[in-house]
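Structure file query02.txt with compact mmCIF, C-alpha atoms:
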```txt
# COMPACT_ATOMS: atom_id res chain seq x y z
CA MET A 1 0.00 0.00 0.00
CA THR A 2 1.48 3.36 -0.96
CA THR A 3 2.29 6.15 1.48
CA ARG A 4 -0.43 8.33 -0.15
CA VAL A 5 -3.08 5.67 0.45
CA ARG A 6 -2.02 5.27 4.09
CA THR A 7 -2.21 9.03 4.63
CA LEU A 8 -5.69 9.27 3.11
CA MET A 9 -6.97 6.38 5.20
CA THR A 10 -5.39 7.85 8.35
CA ALA A 11 -7.29 11.03 7.61
CA GLY A 12 -10.48 8.99 7.93
CA ILE A 13 -11.28 8.55 4.26
CA GLY A 14 -12.71 5.13 3.37
CA LEU A 15 -11.07 2.64 1.05
CA VAL A 16 -13.72 3.08 -1.66
CA ALA A 17 -13.23 6.79 -1.66
CA VAL A 18 -9.47 6.33 -1.82
CA LEU A 19 -9.75 4.12 -4.88
CA ALA A 20 -12.01 6.63 -6.60
CA LEU A 21 -9.49 9.40 -5.98
CA LEU A 22 -6.65 7.23 -7.37
CA VAL A 23 -8.57 6.44 -10.59
CA ALA A 24 -9.36 10.08 -11.10
CA ALA A 25 -5.73 11.02 -10.53
CA CYS A 26 -4.46 8.41 -13.00
CA THR A 27 -6.92 9.56 -15.64
CA THR A 28 -5.87 13.15 -15.22
CA GLU A 29 -2.15 12.35 -15.30
CA ASP A 30 -2.30 10.08 -18.51
CA THR A 31 -4.42 12.39 -20.71
CA ASP A 32 -1.42 13.42 -22.87
CA ALA A 33 0.16 9.94 -23.10
CA PRO A 34 0.17 8.07 -26.46
CA ALA A 35 -2.57 5.53 -27.19
CA PRO A 36 -1.62 1.96 -26.47
CA ALA A 37 -0.39 -0.11 -29.49
CA PRO A 38 -3.03 -2.28 -31.18
CA SER A 39 -3.11 -5.88 -30.21
CA ASP A 40 -1.55 -8.60 -32.40
CA ALA A 41 -5.04 -9.69 -33.45
CA ALA A 42 -5.89 -6.22 -34.71
CA ALA A 43 -2.64 -6.00 -36.69
CA THR A 44 -3.26 -9.35 -38.30
CA GLN A 45 -6.75 -8.26 -39.26
CA GLU A 46 -5.43 -5.07 -40.88
CA GLU A 47 -2.81 -7.04 -42.83
CA ALA A 48 -5.46 -9.46 -44.09
CA VAL A 49 -7.60 -6.57 -45.30
CA ALA A 50 -4.59 -5.05 -47.10
CA ASP A 51 -3.71 -8.38 -48.72
CA GLU A 52 -7.29 -8.84 -49.86
CA GLU A 53 -7.32 -5.40 -51.44
CA ALA A 54 -3.96 -6.06 -53.24
CA ALA A 55 -4.87 -9.59 -54.56
CA PRO A 56 -5.81 -9.69 -58.29
CA ASP A 57 -9.33 -10.47 -59.29
CA PRO A 58 -9.46 -14.19 -60.25
CA ALA A 59 -11.61 -13.32 -63.24
CA GLU A 60 -9.02 -10.81 -64.41
CA VAL A 61 -6.25 -13.38 -63.96
CA GLU A 62 -8.16 -15.93 -66.03
CA GLU A 63 -8.84 -13.34 -68.73
CA ALA A 64 -5.14 -12.39 -68.89
CA GLU A 65 -4.07 -16.02 -69.10
CA GLU A 66 -6.53 -16.65 -71.93
CA ALA A 67 -5.27 -13.58 -73.78
CA ALA A 68 -1.67 -14.75 -73.41
CA ALA A 69 -2.54 -18.22 -74.68
CA GLU A 70 -4.41 -16.71 -77.61
CA ALA A 71 -1.44 -14.49 -78.47
CA TYR A 72 0.92 -17.48 -78.31
CA MET A 73 -1.25 -19.63 -80.55
CA ASN A 74 -1.79 -16.83 -83.09
CA PRO A 75 1.44 -14.84 -83.51
CA GLY A 76 0.22 -13.70 -86.93
CA ALA A 77 -3.04 -12.18 -85.67
CA GLY A 78 -3.76 -8.88 -87.40
CA VAL A 79 -1.13 -9.43 -90.11
CA SER A 80 -2.27 -9.57 -93.74
CA VAL A 81 -0.06 -11.65 -96.05
CA THR A 82 -0.03 -11.57 -99.86
CA GLN A 83 0.98 -15.00 -101.14
CA ALA A 84 1.72 -15.64 -104.82
CA ARG A 85 2.03 -18.91 -106.70
CA ALA A 86 3.64 -20.01 -109.96
CA THR A 87 1.85 -20.78 -113.21
CA TRP A 88 2.59 -24.53 -113.22
CA SER A 89 -0.07 -26.69 -111.62
CA THR A 90 2.45 -29.11 -110.10
CA GLY A 91 3.24 -26.43 -107.51
CA TYR A 92 -0.34 -25.58 -106.55
CA MET A 93 -0.70 -27.96 -103.60
CA GLN A 94 2.54 -26.84 -102.00
CA ALA A 95 1.33 -23.25 -102.11
CA ALA A 96 -1.98 -24.28 -100.52
CA ILE A 97 -0.21 -26.18 -97.71
CA TYR A 98 1.83 -23.16 -96.66
CA HIS A 99 -1.28 -21.00 -96.97
CA HIS A 100 -3.20 -23.17 -94.49
CA LEU A 101 -0.29 -23.48 -92.06
CA LEU A 102 0.11 -19.71 -91.89
CA GLU A 103 -3.61 -19.43 -91.21
CA GLU A 104 -3.17 -21.83 -88.27
CA LEU A 105 -0.68 -19.28 -86.92
CA GLY A 106 -3.34 -16.58 -87.15
CA TYR A 107 -2.19 -14.83 -90.33
CA ASP A 108 -4.73 -13.46 -92.79
CA VAL A 109 -3.36 -14.94 -96.02
CA SER A 110 -4.56 -14.19 -99.52
CA GLU A 111 -5.65 -17.08 -101.75
CA PRO A 112 -2.55 -17.99 -103.84
CA ALA A 113 -4.70 -18.50 -106.95
CA GLU A 114 -5.49 -14.77 -106.87
CA HIS A 115 -1.81 -13.94 -107.45
CA GLU A 116 -0.65 -16.50 -110.00
CA LEU A 117 2.38 -14.88 -111.60
CA ALA A 118 4.99 -15.62 -114.22
CA ASN A 119 8.51 -15.88 -112.83
CA ASP A 120 9.82 -12.55 -114.10
CA ILE A 121 6.76 -10.67 -112.84
CA PHE A 122 6.76 -12.38 -109.46
CA TYR A 123 10.37 -11.66 -108.57
CA VAL A 124 10.09 -7.97 -109.41
CA ALA A 125 6.85 -7.72 -107.39
CA LEU A 126 8.55 -9.53 -104.50
CA GLY A 127 11.50 -7.14 -104.58
CA ARG A 128 9.12 -4.18 -104.50
CA GLY A 129 7.21 -5.66 -101.55
CA GLU A 130 3.98 -5.98 -103.54
CA VAL A 131 3.80 -9.67 -102.61
CA ASP A 132 5.32 -11.30 -99.54
CA PHE A 133 6.40 -14.78 -100.67
CA TRP A 134 5.85 -17.88 -102.75
CA VAL A 135 6.92 -21.50 -102.31
CA ASN A 136 7.75 -22.13 -105.98
CA GLY A 137 11.37 -21.06 -106.17
CA TRP A 138 13.43 -23.44 -108.36
CA ILE A 139 17.03 -22.87 -107.36
CA PRO A 140 19.45 -22.39 -109.10
CA GLY A 141 17.36 -21.95 -112.25
CA HIS A 142 15.51 -18.91 -110.88
CA LEU A 143 18.63 -17.07 -109.77
CA LYS A 144 18.69 -15.13 -113.03
CA PHE A 145 15.52 -13.31 -111.91
CA PHE A 146 17.34 -12.08 -108.79
CA GLU A 147 19.42 -9.81 -111.02
CA ALA A 148 16.43 -7.80 -112.29
CA GLU A 149 16.82 -4.09 -111.60
CA LEU A 150 14.13 -2.15 -109.75
CA ALA A 151 13.09 1.48 -110.24
CA ASP A 152 15.32 2.71 -107.41
CA GLY A 153 18.43 1.19 -109.01
CA SER A 154 18.64 -1.75 -106.63
CA ILE A 155 18.27 -5.34 -107.75
CA VAL A 156 15.78 -7.98 -106.61
CA ALA A 157 18.50 -9.94 -104.77
CA GLU A 158 18.92 -7.08 -102.28
CA HIS A 159 15.31 -7.40 -101.13
CA VAL A 160 14.57 -11.12 -101.03
CA GLU A 161 15.80 -14.28 -99.35
CA ILE A 162 15.62 -18.00 -100.11
CA VAL A 163 14.34 -19.82 -97.02
CA GLY A 164 14.06 -23.48 -96.00
CA TRP A 165 14.31 -26.72 -97.97
CA GLU A 166 10.79 -27.50 -99.11
CA ILE A 167 11.92 -30.30 -101.47
CA ALA A 168 15.70 -30.53 -101.73
CA ALA A 169 17.32 -31.64 -105.01
CA ALA A 170 13.93 -32.88 -106.20
CA GLY A 171 13.42 -30.73 -109.27
CA LEU A 172 14.72 -33.17 -111.87
CA GLU A 173 14.47 -31.57 -115.32
CA GLY A 174 15.37 -32.80 -118.75
CA LEU A 175 14.30 -34.20 -122.11
CA LEU A 176 12.43 -37.43 -122.77
CA THR A 177 12.42 -39.50 -125.94
CA ASN A 178 10.86 -42.79 -127.04
CA LYS A 179 12.48 -45.73 -125.27
CA ASP A 180 12.16 -48.14 -128.19
CA ILE A 181 13.63 -45.66 -130.68
CA ALA A 182 16.56 -44.84 -128.39
CA GLU A 183 17.32 -48.53 -128.05
CA GLU A 184 16.85 -49.32 -131.76
CA TYR A 185 19.14 -46.53 -132.94
CA GLY A 186 21.63 -46.62 -130.08
CA ILE A 187 20.91 -43.03 -129.08
CA LYS A 188 22.99 -41.89 -126.11
CA THR A 189 23.01 -38.08 -126.16
CA VAL A 190 21.36 -34.98 -127.60
CA GLY A 191 24.62 -34.04 -129.33
CA GLN A 192 24.60 -37.37 -131.14
CA ILE A 193 21.20 -36.53 -132.69
CA ASN A 194 22.45 -33.10 -133.80
CA ASP A 195 25.51 -34.63 -135.48
CA ASP A 196 23.86 -37.60 -137.21
CA PRO A 197 21.96 -36.83 -140.49
CA ASP A 198 20.01 -40.08 -140.20
CA LEU A 199 18.78 -39.23 -136.70
CA ILE A 200 17.94 -35.69 -137.80
CA ALA A 201 15.85 -37.07 -140.65
CA LEU A 202 14.17 -39.56 -138.29
CA TYR A 203 12.99 -36.95 -135.78
CA ASP A 204 12.35 -34.23 -138.38
CA ALA A 205 9.88 -36.43 -140.27
CA THR A 206 7.26 -36.17 -137.50
CA ASP A 207 8.14 -32.99 -135.57
CA THR A 208 6.19 -29.72 -135.60
CA SER A 209 7.82 -28.56 -138.87
CA PRO A 210 8.53 -31.76 -140.79
CA GLY A 211 10.99 -31.65 -143.67
CA ASP A 212 12.82 -28.46 -142.74
CA GLY A 213 16.00 -30.34 -141.79
CA VAL A 214 15.84 -29.16 -138.15
CA VAL A 215 14.62 -31.20 -135.18
CA GLN A 216 12.03 -29.27 -133.17
CA ILE A 217 12.31 -30.10 -129.47
CA LEU A 218 9.25 -29.37 -127.32
CA VAL A 219 10.44 -27.44 -124.29
CA CYS A 220 8.20 -25.14 -122.25
CA PRO A 221 6.53 -21.71 -122.36
CA ASP A 222 8.42 -18.43 -122.21
CA GLY A 223 9.28 -17.35 -118.69
CA TRP A 224 9.62 -20.80 -117.13
CA THR A 225 13.44 -20.65 -117.22
CA CYS A 226 13.68 -24.17 -118.66
CA ASP A 227 13.03 -22.65 -122.09
CA ASP A 228 15.97 -20.28 -121.71
CA ILE A 229 18.23 -22.99 -120.32
CA PHE A 230 17.76 -25.32 -123.25
CA ALA A 231 17.85 -22.56 -125.87
CA GLU A 232 21.15 -21.43 -124.35
CA THR A 233 22.41 -25.01 -124.30
CA ILE A 234 21.78 -25.23 -128.05
CA GLU A 235 23.70 -22.00 -128.59
CA PHE A 236 26.50 -22.96 -126.18
CA ASN A 237 27.14 -26.21 -128.08
CA GLY A 238 26.51 -24.97 -131.59
CA TRP A 239 23.70 -27.45 -132.19
CA ASP A 240 22.44 -25.82 -135.37
CA ASN A 241 20.25 -28.78 -136.29
CA LEU A 242 18.11 -28.48 -133.16
CA GLU A 243 15.46 -25.91 -132.26
CA ALA A 244 13.56 -25.28 -129.02
CA VAL A 245 9.80 -24.91 -129.49
CA ARG A 246 8.05 -22.89 -126.78
CA ALA A 247 4.30 -23.29 -126.45
CA GLY A 248 1.52 -24.02 -123.98
CA TYR A 249 2.88 -26.91 -121.99
CA ASP A 250 -0.17 -29.10 -121.46
CA ALA A 251 -1.11 -29.07 -125.16
CA MET A 252 2.49 -29.69 -126.13
CA PHE A 253 2.86 -32.56 -123.69
CA ALA A 254 -0.38 -34.12 -124.92
CA GLU A 255 1.07 -34.02 -128.43
CA ALA A 256 4.18 -35.84 -127.19
CA VAL A 257 2.07 -38.49 -125.44
CA ALA A 258 0.16 -39.10 -128.66
CA LYS A 259 3.38 -39.41 -130.70
CA VAL A 260 4.85 -41.95 -128.28
CA ALA A 261 1.62 -43.96 -128.38
CA ASP A 262 1.76 -43.94 -132.18
CA GLY A 263 5.43 -44.87 -132.30
CA ASP A 264 6.50 -41.52 -133.78
CA PRO A 265 9.83 -40.14 -132.51
CA VAL A 266 9.60 -37.07 -130.30
CA ILE A 267 11.77 -35.14 -127.84
CA VAL A 268 9.92 -33.30 -125.07
CA TYR A 269 10.94 -31.48 -121.89
CA THR A 270 9.43 -32.43 -118.55
CA TRP A 271 10.24 -32.41 -114.86
CA SER A 272 9.67 -34.05 -111.52
CA PRO A 273 7.76 -33.92 -109.24
CA SER A 274 4.80 -33.98 -111.62
CA GLY A 275 1.98 -36.15 -112.80
CA TYR A 276 3.34 -35.94 -116.33
CA LEU A 277 5.69 -38.80 -115.53
CA THR A 278 2.71 -41.08 -115.00
CA ARG A 279 1.89 -40.77 -118.73
CA LEU A 280 5.38 -40.70 -120.19
CA ILE A 281 7.12 -43.10 -117.83
CA PRO A 282 10.93 -43.30 -117.84
CA GLY A 283 11.99 -46.92 -118.20
CA ASP A 284 8.63 -47.85 -119.69
CA ASN A 285 7.65 -45.93 -122.82
CA VAL A 286 10.33 -43.22 -122.66
CA VAL A 287 13.82 -42.56 -121.29
CA TRP A 288 15.63 -39.43 -120.18
CA LEU A 289 17.80 -38.14 -123.04
CA ALA A 290 21.27 -37.33 -121.73
CA VAL A 291 23.93 -34.82 -122.72
CA GLU A 292 27.66 -35.20 -122.31
CA HIS A 293 29.16 -33.46 -119.28
CA GLU A 294 31.06 -31.16 -121.63
CA ASN A 295 27.70 -29.97 -123.03
CA VAL A 296 26.39 -28.79 -119.67
CA LEU A 297 26.20 -25.00 -119.27
CA ASP A 298 29.19 -23.73 -117.31
CA GLY A 299 28.22 -20.08 -116.81
CA SER A 300 30.32 -18.82 -119.69
CA THR A 301 27.30 -17.54 -121.63
CA THR A 302 24.92 -16.58 -118.81
CA GLY A 303 26.30 -16.49 -115.30
CA ALA A 304 23.01 -17.62 -113.77
CA PHE A 305 23.23 -20.93 -115.61
CA ASP A 306 26.36 -22.54 -114.25
CA PHE A 307 25.59 -26.24 -113.79
CA ASP A 308 29.08 -27.60 -114.38
CA ASP A 309 29.66 -28.60 -110.76
CA PHE A 310 26.28 -30.25 -110.27
CA PRO A 311 26.38 -34.05 -110.16
CA PRO A 312 24.56 -36.16 -112.75
CA ALA A 313 21.07 -37.40 -112.03
CA ALA A 314 20.95 -40.59 -109.97
CA LEU A 315 19.41 -42.60 -112.80
CA GLY A 316 20.55 -45.94 -114.12
CA PRO A 317 20.69 -47.10 -117.75
CA GLU A 318 17.12 -48.39 -117.51
CA TYR A 319 15.86 -44.84 -117.19
CA CYS A 320 18.42 -42.76 -119.09
CA THR A 321 20.19 -43.06 -122.44
CA ASN A 322 23.61 -42.58 -120.87
CA ASP A 323 25.38 -43.38 -117.62
CA PRO A 324 26.26 -41.06 -115.93
CA CYS A 325 23.07 -39.24 -116.80
CA TYR A 326 23.60 -35.51 -117.25
CA THR A 327 20.24 -34.05 -118.28
CA GLY A 328 21.61 -30.60 -119.08
CA PHE A 329 19.80 -29.10 -116.09
CA ALA A 330 20.74 -28.88 -112.44
CA ALA A 331 18.47 -30.86 -110.12
CA ALA A 332 16.64 -27.94 -108.55
CA ASP A 333 15.96 -27.30 -104.90
CA ILE A 334 12.33 -26.23 -104.57
CA ARG A 335 12.31 -23.52 -101.89
CA VAL A 336 10.43 -20.59 -100.41
CA VAL A 337 11.47 -17.14 -101.62
CA ALA A 338 10.25 -14.25 -99.45
CA ASN A 339 10.60 -10.50 -99.05
CA ASN A 340 13.21 -9.48 -96.46
CA ASP A 341 10.95 -6.98 -94.67
CA PHE A 342 8.21 -9.57 -94.31
CA LEU A 343 10.63 -12.10 -92.83
CA ALA A 344 12.08 -9.59 -90.38
CA ALA A 345 8.64 -8.57 -89.14
CA ASN A 346 7.32 -12.13 -88.87
CA PRO A 347 9.70 -14.51 -87.08
CA ALA A 348 6.94 -17.12 -86.77
CA ALA A 349 6.49 -17.23 -90.54
CA ARG A 350 10.26 -17.37 -91.08
CA LYS A 351 10.62 -20.32 -88.72
CA LEU A 352 7.75 -22.13 -90.43
CA PHE A 353 9.39 -21.58 -93.84
CA GLU A 354 12.65 -22.94 -92.47
CA LEU A 355 11.07 -26.16 -91.21
CA VAL A 356 8.40 -27.34 -93.66
CA THR A 357 9.43 -30.16 -95.98
CA LEU A 358 7.47 -32.30 -98.43
CA THR A 359 8.27 -35.40 -100.44
CA VAL A 360 8.37 -35.87 -104.18
CA ILE A 361 5.93 -38.77 -103.85
CA ASP A 362 3.33 -36.70 -101.97
CA VAL A 363 3.47 -33.98 -104.60
CA ALA A 364 3.39 -36.40 -107.53
CA LEU A 365 0.37 -38.27 -106.15
CA GLN A 366 -1.55 -35.03 -105.80
CA ASN A 367 -0.51 -33.99 -109.30
CA VAL A 368 -2.11 -37.16 -110.65
CA ARG A 369 -5.39 -36.37 -108.86
CA PHE A 370 -5.25 -32.86 -110.30
CA ASP A 371 -4.61 -34.13 -113.82
CA GLU A 372 -7.49 -36.59 -113.53
CA GLY A 373 -10.02 -33.83 -112.88
CA GLU A 374 -9.69 -32.67 -109.27
CA ASN A 375 -8.37 -29.36 -110.54
CA THR A 376 -10.40 -26.53 -109.00
CA THR A 377 -9.09 -24.17 -106.34
CA ALA A 378 -11.40 -25.90 -103.85
CA ASP A 379 -9.92 -29.27 -104.84
CA VAL A 380 -6.37 -28.03 -104.35
CA ASN A 381 -7.20 -26.61 -100.93
CA ARG A 382 -8.85 -29.89 -99.98
CA HIS A 383 -5.77 -31.82 -101.09
CA ALA A 384 -3.62 -29.55 -98.96
CA ALA A 385 -5.89 -29.93 -95.92
CA GLU A 386 -5.83 -33.71 -96.31
CA TRP A 387 -2.04 -33.68 -96.47
CA ILE A 388 -1.84 -31.56 -93.33
CA GLU A 389 -4.11 -33.89 -91.36
CA ALA A 390 -2.24 -36.96 -92.60
CA ASN A 391 0.96 -35.38 -91.27
CA ARG A 392 -0.56 -33.68 -88.24
CA ALA A 393 2.04 -34.81 -85.67
CA GLN A 394 4.92 -33.36 -87.72
CA VAL A 395 2.90 -30.28 -88.63
CA ASP A 396 2.17 -29.54 -84.98
CA GLU A 397 5.89 -29.68 -84.20
CA TRP A 398 6.54 -27.12 -86.93
CA LEU A 399 3.76 -24.87 -85.65
CA THR A 400 5.00 -25.07 -82.06
CA ALA A 401 8.52 -24.10 -83.14
CA ALA A 402 7.08 -21.20 -85.15
CA ARG A 403 5.07 -19.98 -82.15
CA ASP A 404 8.12 -20.26 -79.91
CA ALA A 405 10.14 -18.20 -82.39
CA ALA A 406 7.60 -15.39 -82.09
```

Show this structure as structure tokens.
Amino acid sequence: MTTRVRTLMTAGIGLVAVLALLVAACTTEDTDAPAPAPSDAAATQEEAVADEEAAPDPAEVEEAEEAAAEAYMNPGAGVSVTQARATWSTGYMQAAIYHHLLEELGYDVSEPAEHELANDIFYVALGRGEVDFWVNGWIPGHLKFFEAELADGSIVAEHVEIVGWEIAAAGLEGLLTNKDIAEEYGIKTVGQINDDPDLIALYDATDTSPGDGVVQILVCPDGWTCDDIFAETIEFNGWDNLEAVRAGYDAMFAEAVAKVADGDPVIVYTWSPSGYLTRLIPGDNVVWLAVEHENVLDGSTTGAFDFDDFPPAALGPEYCTNDPCYTGFAAADIRVVANNDFLAANPAARKLFELVTLTVIDVALQNVRFDEGENTTADVNRHAAEWIEANRAQVDEWLTAARDAA
């Protein structure tokens, strides 16, 4: 008991009164003191409220996650792409396949059939940025178009890039002739026909200008490159008794098929992959007509046509008149050619172009369906869609890599 309490009680004040005085005194003395700190429970409650206010809305989180997933799956969303295609039907399905794959990446891609262009027109348009890409580059044959000059003084090669390996070393090109005639007359090379009056007379008798003393060889239309290659080969070798005829290919090929069926000698250009080789079949009714290695263009006349270092075609004597079998053309790589600015702005598309590959057999089988009547744009797109689904596991790997690249 404190001294103050003893004093008050000694003075005759009761205990209750003493306590009342003490409470009053304490209250008066502590008026200016700081408020006591909140209890641990109160602090925890305040922290919980703060955490609840700071936590994201679950609905907003879900919406953000969905948006991120959508962006990942569609890196091409909002991007319009102008895709061209070549004028030969054997390349239509490939164009449609790439078209559909880009659409799976979210790109808005034009129908390739709406921009079907001749080689010289396409490459200039690509250099100018008027189209973004095509999948019908035949390399090295098309390299001559890279040298075309644009209005600003630059050349096409400065604005475009060859990408990926769509079908490597698959573009076998050359001349076909009747198998039975080649065997009967011991024909080995084109140069042999040019140099032999009897062979000239044999082929001249039933060609497009019979009796003129010159053998007309059916090549391909202007602008396909193959026409220029063979015409230059004639000039390079001084084959004055041979002439390259350039015309509509399908009609010309049909003429060759009819001549072979009738037993009339003919020399006609063709290529693989194509359905044409299901009608004129090397080793069956025709053979590839070889040239000597020394007759192959070496770049001395046109720098773009330097095939001297390319190996001969991997064909045996059953399929070719000579072994080794130099056809006079380099086996082309069929590849994507795209505008540089488009590639730089679209890493997903670039990665896709780098990865996609097809087989000669797949293309040839579709070419046969096309030639047999399934030849509308809708048919071609259906063929492409069927190919994609038949190869879905591989396709999905390509698409995932393209999305990752973006």

Quick one: residues within 9 Å of region 247-249 of chain A, only C-alpha atoms counted, chain neighbours fewer than 3 positions away excluded, as a list in words?
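Within the cut-off, the hits are Leu218, Val219, Cys220, Pro221, Asp222, Met252, Phe253 and Ala254 of chain A.
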
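Excluding Asp207 (chain A) itself and same-chain residues fewer than 2 positions from it, the residues having an atom within 10 Å of it are Leu202, Tyr203, Asp204, Ala205, Ser209, Pro210, Gly211, Asp212, Val214, Val215, Gln216, Ile217, Leu218, Ala256, Lys259, Asp264, Pro265, Val266 and Ile267 of chain A, counting all atoms listed in the file.
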
Select all residues near (-1.8, -14.1, -103.7) (cut-off 9 Å, inclusive, file coordinates), counting only C-alpha atoms, and output them as a ChimeraX atom specification.
/A:81-85,109-117,131-134

Choose the residue, out of A:Phe145, A:Tyr319, A:Trp224, A:Tyr185, that has the smallest atom-to-atom separation from Ala86 (chain A); count all atoms listed in the file.
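Residue with the minimum atom-to-atom distance to Ala86 (chain A): A:Trp224.
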
Taken to one decimal, the CA of His159 (chain A)-CA of Phe342 (chain A) distance is 10.1 Å

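Proximity to Pro317 (chain A) at 10 Å, evaluated using all atoms listed in the file and with sequence-adjacent residues fewer than 4 positions away removed, yields A:Gly283, A:Val287, A:Trp288, A:Thr321, A:Asn322, A:Asp323, A:Pro324, A:Cys325.
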
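Computed from the coordinates, the CA of Gly186 (chain A) to CA of Pro312 (chain A) distance equals 20.5 Å.
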
Which one of A:Pro75, A:Val160, A:Ala148, A:Thr278 sits closest to Ile361 (chain A) if you count all atoms listed in the file?
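The shortest atom-to-atom distance to Ile361 (chain A) comes from A:Thr278.
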